[in-house]
Structures are given as structure tokens and as C-alpha cells.
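> Pasting a structure below so you can have a look.
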There are 2 protein chains.
Amino acid sequence: MGARMDELFITTAVASWKQVVNRLDERFALLDHEQLQKQVAPNKNRLLYLFGHLTAVHDRMLPMLGIGERLHPELDEAYITNPDRTIADPVSVTDLKRAWSEVNAAITSAVERFSAADWLKKHNAISDEDFSKDPTRNRLAVFLSRTNHASFHTGQMVLAK
Amino acid sequence: MGARMDELFITTAVASWKQVVNRLDERFALLDHEQLQKQVAPNKNRLLYLFGHLTAVHDRMLPMLGIGERLHPELDEAYITNPDRTIADPVSVTDLKRAWSEVNAAITSAVERFSAADWLKKHNAISDEDFSKDPTRNRLAVFLSRTNHASFHTGQMVLAK
């Protein structure tokens, strides 16, 4: 396809990510500390845990997509390595909201500058050898996978009262 | 980008859809009629409703993406128009499982034959005029949106005991 078609393909994929992240932004902004303690269902994750989890997972996209160093590795232990309510929340709600916005802004502004060739480069969690065997394990694959992951947890969040 | 890059871009997007649908396939196959009556959380949708809903929504993709006529419009009233448990389930679990597989197979096999230009055509639920104003409202946008939608409900399904 020509340059115009390339651009449309990429713009469409980035728009899908933005739509999912923007809905989460709106939801997160409306919730205070107390509301974020609610669980999505009895004995399931708190809303705060899921926002911490998504922030940490998106932060890991920065090195994976070759955008830059991680901004918030301090969230991993509480929100990726361990299940909810086993480790104290490592940052305040205000700081988590700031981290969430900062991480997603860094990703969005970087991927908006990716060329078509950049999107098809290998991501940084796969070896050269594995990538040569399967070139679909590229940056676009990670990006679509994380967009689906955010949608997956959004589906859970809407169940909280 | 060249033809090889086009192909990779498209293969990656279709792989994302297949991954989400395959996980749902595996889950649906393991559940019997009784297990499908479980709700994802107290007073929330039954698993059966969500599988009916996803089947009906995916069936609507056939005309939207220009693939063909709908195969299972009989599911809409129970699984799209109305909330769960207001209308009797219109088909047996066996028939719903068959419809789910049939609809997704029709979509996957059709989109695997789409050219790059096909992906960027307007979808059939938008006017020519609106599409000329916003060419990102194309078939790829619908496809990514439905992939996210399926992920959203998958996140809810995993909460059911």
C-alpha cells in the first residue's frame, strides 16, 4: 500500500488504543480513594489494584517497544508480582493517577511517531533468533495485546458497584 | 511499506483477533448447560448470555465488513436488544456453540483474504459522507473494536466460579 494507506492503517490501530485508554482515564478520574477500594466482585481485585496493575503493565511497554526506560518500576511488586491485598499500596491514589497519565502519554506520543517499519520491528522481550522464526512477534503485536488486556480489565471494573 | 510489510501488518492484527476468539472457544467448549447458567458476579449476566451476546455481535460483523448476510439474527432479541433473563434463550446450548463457531469461522476466513485496500474500505454502518470526513472509520476499526469488545467480556467471564 502507499504512504497514505500505511498512515491510515497505523492511525486506526492507535485510535483503538486511545479509545480504550481514554475510557479508563474517565473512569479513574471520577473515583476517590474510598471508591477505589471496592472490589469488582466478592473477593476479587479492588479497582485500585486493577489501575495499579494496568499502570505497571503499560510502564513495561516502554522498554518492550523501545520507547525508553521504565518510569514506575516501584509498582510491580504490589500490582504485578503479587495478588491484591498482600502488599501495601506503594503510592498514594494521587500519585498513581499521575503515574497512569504519565505512562500512557509517553506511550501514545511515542507510537504516534512510529513509522510502518518501526511497528514491524521486534519487541525487546524476544530474541533475534525467535523473531526471525516468527516476525509477527513485533511491536504492533505487543500493542494490540496490551489494548486487549486493558479491555479485559475494563470489563471487570464496570461490574463494581 | 511493501507488499511483505502490508501482509505482516494485517497478519498481526488478525492474529490478535484469533487469539481472543480461540481463548473463548476453549472456555465455551468446557462449559455445559448448567455451568453456563452461572453469573459472572451476583445479579450480573450469565455466562450463556455473554456467549449469546458475543455470537450475535460477531454475526453483525458479517454485513458490516461486507463479508455476507447474517447467519443468526434469531439471537439479537435475547442477547442484544434485551438484558439477561428477560427473554427465554432462543436456541439450545449445542446450537449456540455451533453458531459461535460458524460465525467466527466465517469472519476469520473472510478477513484472511482481505487485501490492505479492503481493510481500509468503509464499513457498512457508516454513510459515504461520514466516511469521507473520517476515513479511520474503516473495516479495520470495526475489527479492532470487536476484538476489544470480546476481551472486555472475557474479563468478566473469568470471574465466574
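Ordering of the C-alpha cells sets the chain letters (A, B, ...), residue numbers begin anew at 1 in every chain, and ligands are numbered from 1 in the order given.
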Report as JSON lines the residues of chain B within 8 Å of chain A, each with its shortest atom pair and distance in Å (one decimal), using only C-alpha atoms, ordered by chain and increasing residue number.

{"residue": "B:Met1", "atom": "CA", "partner": "A:Met1", "partner_atom": "CA", "distance": 6.3}
{"residue": "B:Gly2", "atom": "CA", "partner": "A:Met1", "partner_atom": "CA", "distance": 6.7}
{"residue": "B:Ala3", "atom": "CA", "partner": "A:Met1", "partner_atom": "CA", "distance": 7.0}
{"residue": "B:Met5", "atom": "CA", "partner": "A:Leu120", "partner_atom": "CA", "distance": 7.6}
{"residue": "B:Asp6", "atom": "CA", "partner": "A:Met1", "partner_atom": "CA", "distance": 6.8}
{"residue": "B:Leu8", "atom": "CA", "partner": "A:Thr136", "partner_atom": "CA", "distance": 6.5}
{"residue": "B:Phe9", "atom": "CA", "partner": "A:Leu120", "partner_atom": "CA", "distance": 7.2}
{"residue": "B:Thr11", "atom": "CA", "partner": "A:Thr136", "partner_atom": "CA", "distance": 7.2}
{"residue": "B:Thr12", "atom": "CA", "partner": "A:Thr136", "partner_atom": "CA", "distance": 5.5}
{"residue": "B:Ala13", "atom": "CA", "partner": "A:Ala141", "partner_atom": "CA", "distance": 7.3}
{"residue": "B:Ser16", "atom": "CA", "partner": "A:Leu144", "partner_atom": "CA", "distance": 6.7}
{"residue": "B:Ala41", "atom": "CA", "partner": "A:Ala41", "partner_atom": "CA", "distance": 5.8}
{"residue": "B:Pro42", "atom": "CA", "partner": "A:Ala41", "partner_atom": "CA", "distance": 7.7}
{"residue": "B:Lys44", "atom": "CA", "partner": "A:Leu159", "partner_atom": "CA", "distance": 7.8}
{"residue": "B:Ala116", "atom": "CA", "partner": "A:Met1", "partner_atom": "CA", "distance": 6.7}
{"residue": "B:Ala117", "atom": "CA", "partner": "A:Met1", "partner_atom": "CA", "distance": 7.5}
{"residue": "B:Leu120", "atom": "CA", "partner": "A:Phe9", "partner_atom": "CA", "distance": 7.2}
{"residue": "B:Pro135", "atom": "CA", "partner": "A:Leu8", "partner_atom": "CA", "distance": 7.6}
{"residue": "B:Thr136", "atom": "CA", "partner": "A:Thr12", "partner_atom": "CA", "distance": 5.5}
{"residue": "B:Arg137", "atom": "CA", "partner": "A:Thr12", "partner_atom": "CA", "distance": 8.0}
{"residue": "B:Leu140", "atom": "CA", "partner": "A:Thr12", "partner_atom": "CA", "distance": 7.1}
{"residue": "B:Ala141", "atom": "CA", "partner": "A:Thr12", "partner_atom": "CA", "distance": 5.9}
{"residue": "B:Leu144", "atom": "CA", "partner": "A:Ser16", "partner_atom": "CA", "distance": 6.7}
{"residue": "B:Ser145", "atom": "CA", "partner": "A:Ser16", "partner_atom": "CA", "distance": 6.7}
{"residue": "B:Thr147", "atom": "CA", "partner": "A:Asn148", "partner_atom": "CA", "distance": 7.3}
{"residue": "B:Asn148", "atom": "CA", "partner": "A:Asn148", "partner_atom": "CA", "distance": 5.3}
{"residue": "B:His149", "atom": "CA", "partner": "A:Ser151", "partner_atom": "CA", "distance": 7.2}
{"residue": "B:Ser151", "atom": "CA", "partner": "A:Phe152", "partner_atom": "CA", "distance": 4.7}
{"residue": "B:Phe152", "atom": "CA", "partner": "A:Phe152", "partner_atom": "CA", "distance": 4.2}
{"residue": "B:His153", "atom": "CA", "partner": "A:Gly155", "partner_atom": "CA", "distance": 5.8}
{"residue": "B:Thr154", "atom": "CA", "partner": "A:Phe152", "partner_atom": "CA", "distance": 6.2}
{"residue": "B:Gly155", "atom": "CA", "partner": "A:Phe152", "partner_atom": "CA", "distance": 4.3}
{"residue": "B:Gln156", "atom": "CA", "partner": "A:Gln156", "partner_atom": "CA", "distance": 5.2}
{"residue": "B:Leu159", "atom": "CA", "partner": "A:Ala41", "partner_atom": "CA", "distance": 7.7}
> Stretch 61-126 of chain A: which residues are alpha helix (DSSP H) by DSSP, as an NGL selection string?
:A and (61-64 or 76 or 93-111 or 116-119)
> Quick one: residues within 8 Å of B:Leu75, only C-alpha atoms counted, chain neighbours fewer than 6 positions away excluded, as a short mmCIF file (atom, residue, chain, number, x, y, z; two decimals) with C-alpha atoms, in the first residue's frame?

data_model
loop_
_atom_site.label_atom_id
_atom_site.label_comp_id
_atom_site.auth_asym_id
_atom_site.auth_seq_id
_atom_site.Cartn_x
_atom_site.Cartn_y
_atom_site.Cartn_z
CA GLY B 52 -25.02 -15.42 23.07
CA HIS B 53 -24.21 -11.70 23.07
CA THR B 55 -22.17 -14.58 18.90
CA ALA B 56 -24.86 -12.06 17.91
CA PRO B 90 -33.84 -18.84 21.82
#
> Within 9 Å of B:Met61, counting only C-alpha atoms, which residues show up once you throw out same-chain ones fewer than 3 positions away? Write them as a ChimeraX atom specification, please.
/B:56-58,64-67,70,107,142-143,146
> Could you save the residues just selected, with C-alpha atoms, as a tab-separated table (two decimals), in the first residue's frame?

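Ended up saving to selection-v9.tsv:
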chain	number	residue	atom	x	y	z
B	56	ALA	CA	-24.86	-12.06	17.91
B	57	VAL	CA	-22.43	-9.11	17.87
B	58	HIS	CA	-19.94	-11.08	15.76
B	64	MET	CA	-20.73	-4.59	8.48
B	65	LEU	CA	-17.47	-5.85	6.97
B	66	GLY	CA	-19.08	-6.69	3.62
B	67	ILE	CA	-18.49	-10.42	4.12
B	70	ARG	CA	-26.15	-12.54	8.72
B	107	ILE	CA	-15.25	-13.87	9.76
B	142	VAL	CA	-14.62	-2.30	13.42
B	143	PHE	CA	-12.46	-5.41	13.62
B	146	ARG	CA	-14.91	-6.06	18.23
> Atom CA of B:Asp25 and atom CA of A:Asp84 are how many Å apart?
28.5 Å
> Using DSSP assignments from the backbone, pull out every residue in chain A that falls under strand (DSSP E or B) and give it to me as a ChimeraX atom specification.
/A:39,46,122,138
> Could you dump the residues just selected with N, CA and C atoms as a PDB file, in the first residue's frame?

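Printed below is part28.pdb as written:
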ATOM      1  N   GLN A  39     -14.276  -3.834  45.378  1.00  0.00           N
ATOM      2  CA  GLN A  39     -13.850  -4.994  44.597  1.00  0.00           C
ATOM      3  C   GLN A  39     -14.794  -5.157  43.404  1.00  0.00           C
ATOM      4  N   ARG A  46      -9.564  -5.303  43.893  1.00  0.00           N
ATOM      5  CA  ARG A  46     -10.065  -3.942  44.058  1.00  0.00           C
ATOM      6  C   ARG A  46      -9.828  -3.141  42.766  1.00  0.00           C
ATOM      7  N   LYS A 122      11.097  -6.035  15.904  1.00  0.00           N
ATOM      8  CA  LYS A 122      10.883  -6.954  17.030  1.00  0.00           C
ATOM      9  C   LYS A 122      10.705  -6.144  18.316  1.00  0.00           C
ATOM     10  N   ASN A 138       6.036  -8.757  16.746  1.00  0.00           N
ATOM     11  CA  ASN A 138       6.581  -7.418  16.562  1.00  0.00           C
ATOM     12  C   ASN A 138       5.923  -6.435  17.548  1.00  0.00           C
TER      13      ASN A 138
END
> So how far away is atom CA of B:Arg113 from atom CA of B:Glu69, in Å?
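That distance, rounded to one decimal, is 17.4 Å.
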> Need the shell around B:Pro83: protein/DNA/RNA residues with any atom at most 9 Å away, counting only C-alpha atoms. Skip same-chain ones fewer than 5 positions apart. Format as a list of chain:residue names?
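These residues fall inside the cut-off: B:Asn45, B:Tyr49, B:Ala78.
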> Write the residues of the selection above to a file with C-alpha atoms, as a PDB file, in the first residue's frame.

ATOM      1  CA  ASN B  45     -25.005 -11.592  33.283  1.00  0.00           C
ATOM      2  CA  TYR B  49     -25.907 -14.612  27.941  1.00  0.00           C
ATOM      3  CA  ALA B  78     -32.480 -12.304  23.610  1.00  0.00           C
TER       4      ALA B  78
END
> Could you name the residues that touch B:Lys97 at 8 Å or less, counting only C-alpha atoms, but leaving out those on the same chain fewer than 3 positions away, as a PDB file with N, CA and C atoms, in the first residue's frame?

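part.pdb was written with the following content:
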ATOM      1  N   PHE B  28     -15.679 -21.901  26.166  1.00  0.00           N
ATOM      2  CA  PHE B  28     -17.063 -22.279  25.835  1.00  0.00           C
ATOM      3  C   PHE B  28     -17.171 -23.812  25.727  1.00  0.00           C
ATOM      4  N   ALA B  29     -16.183 -24.435  25.080  1.00  0.00           N
ATOM      5  CA  ALA B  29     -16.224 -25.889  24.861  1.00  0.00           C
ATOM      6  C   ALA B  29     -16.296 -26.655  26.176  1.00  0.00           C
ATOM      7  N   VAL B  93     -27.977 -24.913  23.969  1.00  0.00           N
ATOM      8  CA  VAL B  93     -26.538 -24.678  24.144  1.00  0.00           C
ATOM      9  C   VAL B  93     -25.760 -25.288  22.973  1.00  0.00           C
ATOM     10  N   THR B  94     -26.164 -26.470  22.553  1.00  0.00           N
ATOM     11  CA  THR B  94     -25.486 -27.124  21.415  1.00  0.00           C
ATOM     12  C   THR B  94     -25.562 -26.248  20.170  1.00  0.00           C
ATOM     13  N   TRP B 100     -21.721 -20.011  17.307  1.00  0.00           N
ATOM     14  CA  TRP B 100     -20.490 -19.300  17.690  1.00  0.00           C
ATOM     15  C   TRP B 100     -19.316 -19.691  16.777  1.00  0.00           C
ATOM     16  N   SER B 101     -19.139 -20.984  16.589  1.00  0.00           N
ATOM     17  CA  SER B 101     -18.023 -21.464  15.756  1.00  0.00           C
ATOM     18  C   SER B 101     -18.207 -21.060  14.296  1.00  0.00           C
TER      19      SER B 101
END
> Which is closest to B:Lys38 among B:Ala110, B:His123, B:Leu50, B:Arg60, if we use only C-alpha atoms?
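Looking only at the distances to B:Lys38, the closest residue turns out to be B:Leu50.
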> Which residue is closest to A:Thr108? Choose from A:Leu62, A:Leu47, A:Leu36, A:Leu30 and count only C-alpha atoms.
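Looking only at the distances to A:Thr108, the closest residue turns out to be A:Leu62.
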> With distances taken over only C-alpha atoms, which of A:Lys121, A:His72, A:Arg27, A:Arg85 is nearest to A:Glu102?
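Going through A:Lys121, A:His72, A:Arg27, A:Arg85 one by one, the smallest distance to A:Glu102 is for A:His72.
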> What is the distance between atom CA of B:Leu31 and atom CA of B:Leu48, in Å to one decimal?
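Separating atom CA of B:Leu31 from atom CA of B:Leu48 is a distance of 9.4 Å.
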